[in-house]
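Worksheet: the structure to be examined is printed underneath.
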Amino acid sequence: MTADHMPEIIPIFPLTGALLLPFGQLPLNIFEPRYIALTEDALGAGRLMGLVQPVDAGSKKNNGVNDIYNTGCLGRITEFTDPGDGRYEIVLTGICRFMVEDELDLHRGYRRVTANYRPFLGDLESDEADIQNRDSLLAALRQYFDHQNLDADWDALNEVPDLVLVTTAAMGCPLQPEEKQLLLEANGLQGRAERLQTILEMAIHGNDLNSARH
């Protein structure tokens with residue numbers, strides 16, 4: 001997809017703790033009526049929607065909806081299943097991050113925003129450059145997975161390209177919503193890899209997020 005084909009107005013799916021990155025794939029189970037409507041509309045309009053995180057569950061606007069972070073990611077529905085029980089199962093593939101310029105009125109119960117992609121047009125090109133901290137990032141991932149009692153296919157992770165490693169780890173690790181947002185907003189693949197390693201190491205040593213911001 002090119003910049004010319006990305007819509008200015010997009011429907012958004014606010015989801016706490018979910019991270020969608022360019023070239024990443026996020027499975028979603030859609031069951032709320034408003035998001036079923038969003039999905040159906042998106043399927044008829046380029047299969048595009050934005051994923052964003054609410055800022056805080058207790059933070060509400062005047063119309064009763066949650067505030068959202070100013071940076072989200074545009075995704076395309078690349079897999080769609082209708083199990084026949086009133087819900088949809090989709091896979092959203094990340095395309096490009098965006099800044100929220102303005103929020104529009106609700107449409108069929110779901111939210112829409114005006115998106116500005118200009119600061120993130122580099123997301124449209126696959127970053128094939130090697131990250132400088134691959135070995136130390138993998139070491140931090142191993143320690144983090146041991147700390148969280150998680151399993152991984154380390155042979156496969158050792159072989160994947162850096163873009164896949166960083167994107168998969170950032171989206172898949174059970175991090176805090178604020179940490180997910182920090183990874184979304186990171187500058188470039190190297191910046192995201194460094195930030196992810198810092199967050200993992202802080203979690204391993206039991207330190208708080210405020211220290212991981214620096």
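Every chain in the structure tokens takes a letter, A first, then B, and so on in the order presented; its residues are numbered from 1, and the ligands are numbered from 1 following the presented order.
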*Check the DSSP output for the backbone and give back, as a ChimeraX atom specification, the residues of range 4-201 of chain A in helix (DSSP H, G or I).*
/A:4-5,33-43,118-124,134-148,154-159,162-172,177-184,188-201
Dump as a tab-separated table (two decimals), in the first residue's frame, selection limited to C-alpha atoms:
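What landed in selection_30.tsv:
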chain	number	residue	atom	x	y	z
A	4	ASP	CA	-1.94	7.82	-1.69
A	5	HIS	CA	-4.17	4.84	-0.92
A	33	PRO	CA	-22.20	-5.06	18.15
A	34	ARG	CA	-20.42	-1.76	17.45
A	35	TYR	CA	-17.23	-3.54	16.42
A	36	ILE	CA	-19.14	-6.06	14.36
A	37	ALA	CA	-20.57	-3.04	12.52
A	38	LEU	CA	-17.06	-1.57	12.20
A	39	THR	CA	-15.72	-4.83	10.78
A	40	GLU	CA	-18.56	-5.17	8.29
A	41	ASP	CA	-18.08	-1.59	7.12
A	42	ALA	CA	-14.32	-2.05	6.87
A	43	LEU	CA	-14.74	-5.20	4.78
A	118	ARG	CA	3.05	11.86	7.36
A	119	PRO	CA	5.35	11.39	10.40
A	120	PHE	CA	5.42	7.63	9.80
A	121	LEU	CA	5.60	7.11	6.04
A	122	GLY	CA	8.83	5.18	6.55
A	123	ASP	CA	6.63	2.39	7.98
A	124	LEU	CA	5.55	1.54	4.43
A	134	ARG	CA	20.27	-8.57	18.37
A	135	ASP	CA	22.32	-10.84	20.65
A	136	SER	CA	21.60	-8.84	23.79
A	137	LEU	CA	17.92	-8.57	22.85
A	138	LEU	CA	17.67	-12.34	22.43
A	139	ALA	CA	19.40	-12.80	25.79
A	140	ALA	CA	16.93	-10.43	27.43
A	141	LEU	CA	14.04	-12.28	25.78
A	142	ARG	CA	15.29	-15.60	27.14
A	143	GLN	CA	15.56	-14.20	30.66
A	144	TYR	CA	12.16	-12.55	30.40
A	145	PHE	CA	10.50	-15.76	29.17
A	146	ASP	CA	12.14	-17.72	32.00
A	147	HIS	CA	10.97	-15.06	34.46
A	148	GLN	CA	7.40	-15.27	33.10
A	154	TRP	CA	14.33	-20.33	20.20
A	155	ASP	CA	15.74	-22.11	17.16
A	156	ALA	CA	13.15	-20.35	15.00
A	157	LEU	CA	13.71	-16.98	16.69
A	158	ASN	CA	17.44	-17.27	16.12
A	159	GLU	CA	16.82	-17.59	12.38
A	162	ASP	CA	15.50	-8.64	12.69
A	163	LEU	CA	12.23	-7.00	11.61
A	164	VAL	CA	10.29	-10.19	12.37
A	165	LEU	CA	12.12	-10.74	15.66
A	166	VAL	CA	11.49	-7.25	17.02
A	167	THR	CA	7.91	-7.00	15.73
A	168	THR	CA	6.89	-10.46	16.96
A	169	ALA	CA	8.50	-10.00	20.37
A	170	ALA	CA	7.08	-6.51	20.89
A	171	MET	CA	3.55	-7.57	19.96
A	172	GLY	CA	3.65	-10.97	21.67
A	177	PRO	CA	-0.33	-1.12	28.07
A	178	GLU	CA	1.99	1.84	28.67
A	179	GLU	CA	4.95	-0.27	27.60
A	180	LYS	CA	3.12	-1.36	24.45
A	181	GLN	CA	2.51	2.29	23.62
A	182	LEU	CA	6.18	3.14	24.14
A	183	LEU	CA	7.09	0.41	21.64
A	184	LEU	CA	4.53	1.69	19.12
A	188	GLY	CA	12.58	3.07	13.75
A	189	LEU	CA	13.43	-0.60	14.10
A	190	GLN	CA	16.67	0.02	16.02
A	191	GLY	CA	14.92	2.38	18.41
A	192	ARG	CA	12.14	-0.15	18.98
A	193	ALA	CA	14.66	-2.95	19.57
A	194	GLU	CA	16.56	-0.88	22.14
A	195	ARG	CA	13.37	0.17	23.89
A	196	LEU	CA	12.09	-3.40	23.96
A	197	GLN	CA	15.33	-4.65	25.48
A	198	THR	CA	15.19	-1.95	28.15
A	199	ILE	CA	11.58	-2.77	29.03
A	200	LEU	CA	12.36	-6.50	29.24
A	201	GLU	CA	15.37	-5.92	31.47
*If you count only C-alpha atoms, which residues fall within 6 Å of range 90-100 of chain A, apart from same-chain ones fewer than 4 positions away, as a ChimeraX atom specification?*
/A:20-28,70-80,115-117,120,123
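When only C-alpha atoms are used to compute distances to Val113 in chain A, the closest of the residues A:Leu51, A:Asp127, A:Ala186, A:Asp85 turns out to be A:Leu51.
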*strand (DSSP E or B) positions in range 40-177 of chain A, given as a ChimeraX atom specification*: /A:48-52,54,60,66,68,71-81,88-103,107,110-116
*Using only C-alpha atoms, which of the listed residues (A:Asp56, A:Glu128, A:Glu103, A:Asp67) sits closest to Pro11 in chain A?*
A:Glu103
_One decimal, in Å: what's the spacing between CA of Thr114 in chain A and CA of Thr81 in chain A?_
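Interatomic distance, CA of Thr114 in chain A to CA of Thr81 in chain A: 28.3 Å.
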*Pick out the closest residue to Ile9 in chain A from this set: A:Ala152, A:Ala45, A:Ile131, A:Ile204. Count only C-alpha atoms.*
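Of the candidates, the smallest distance to Ile9 in chain A is held by A:Ala45.
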*Mind pulling up the distance from CA of Thr2 in chain A to CA of Asp105 in chain A?*
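Atom-to-atom, CA of Asp105 in chain A to CA of Thr2 in chain A, that is 27.2 Å.
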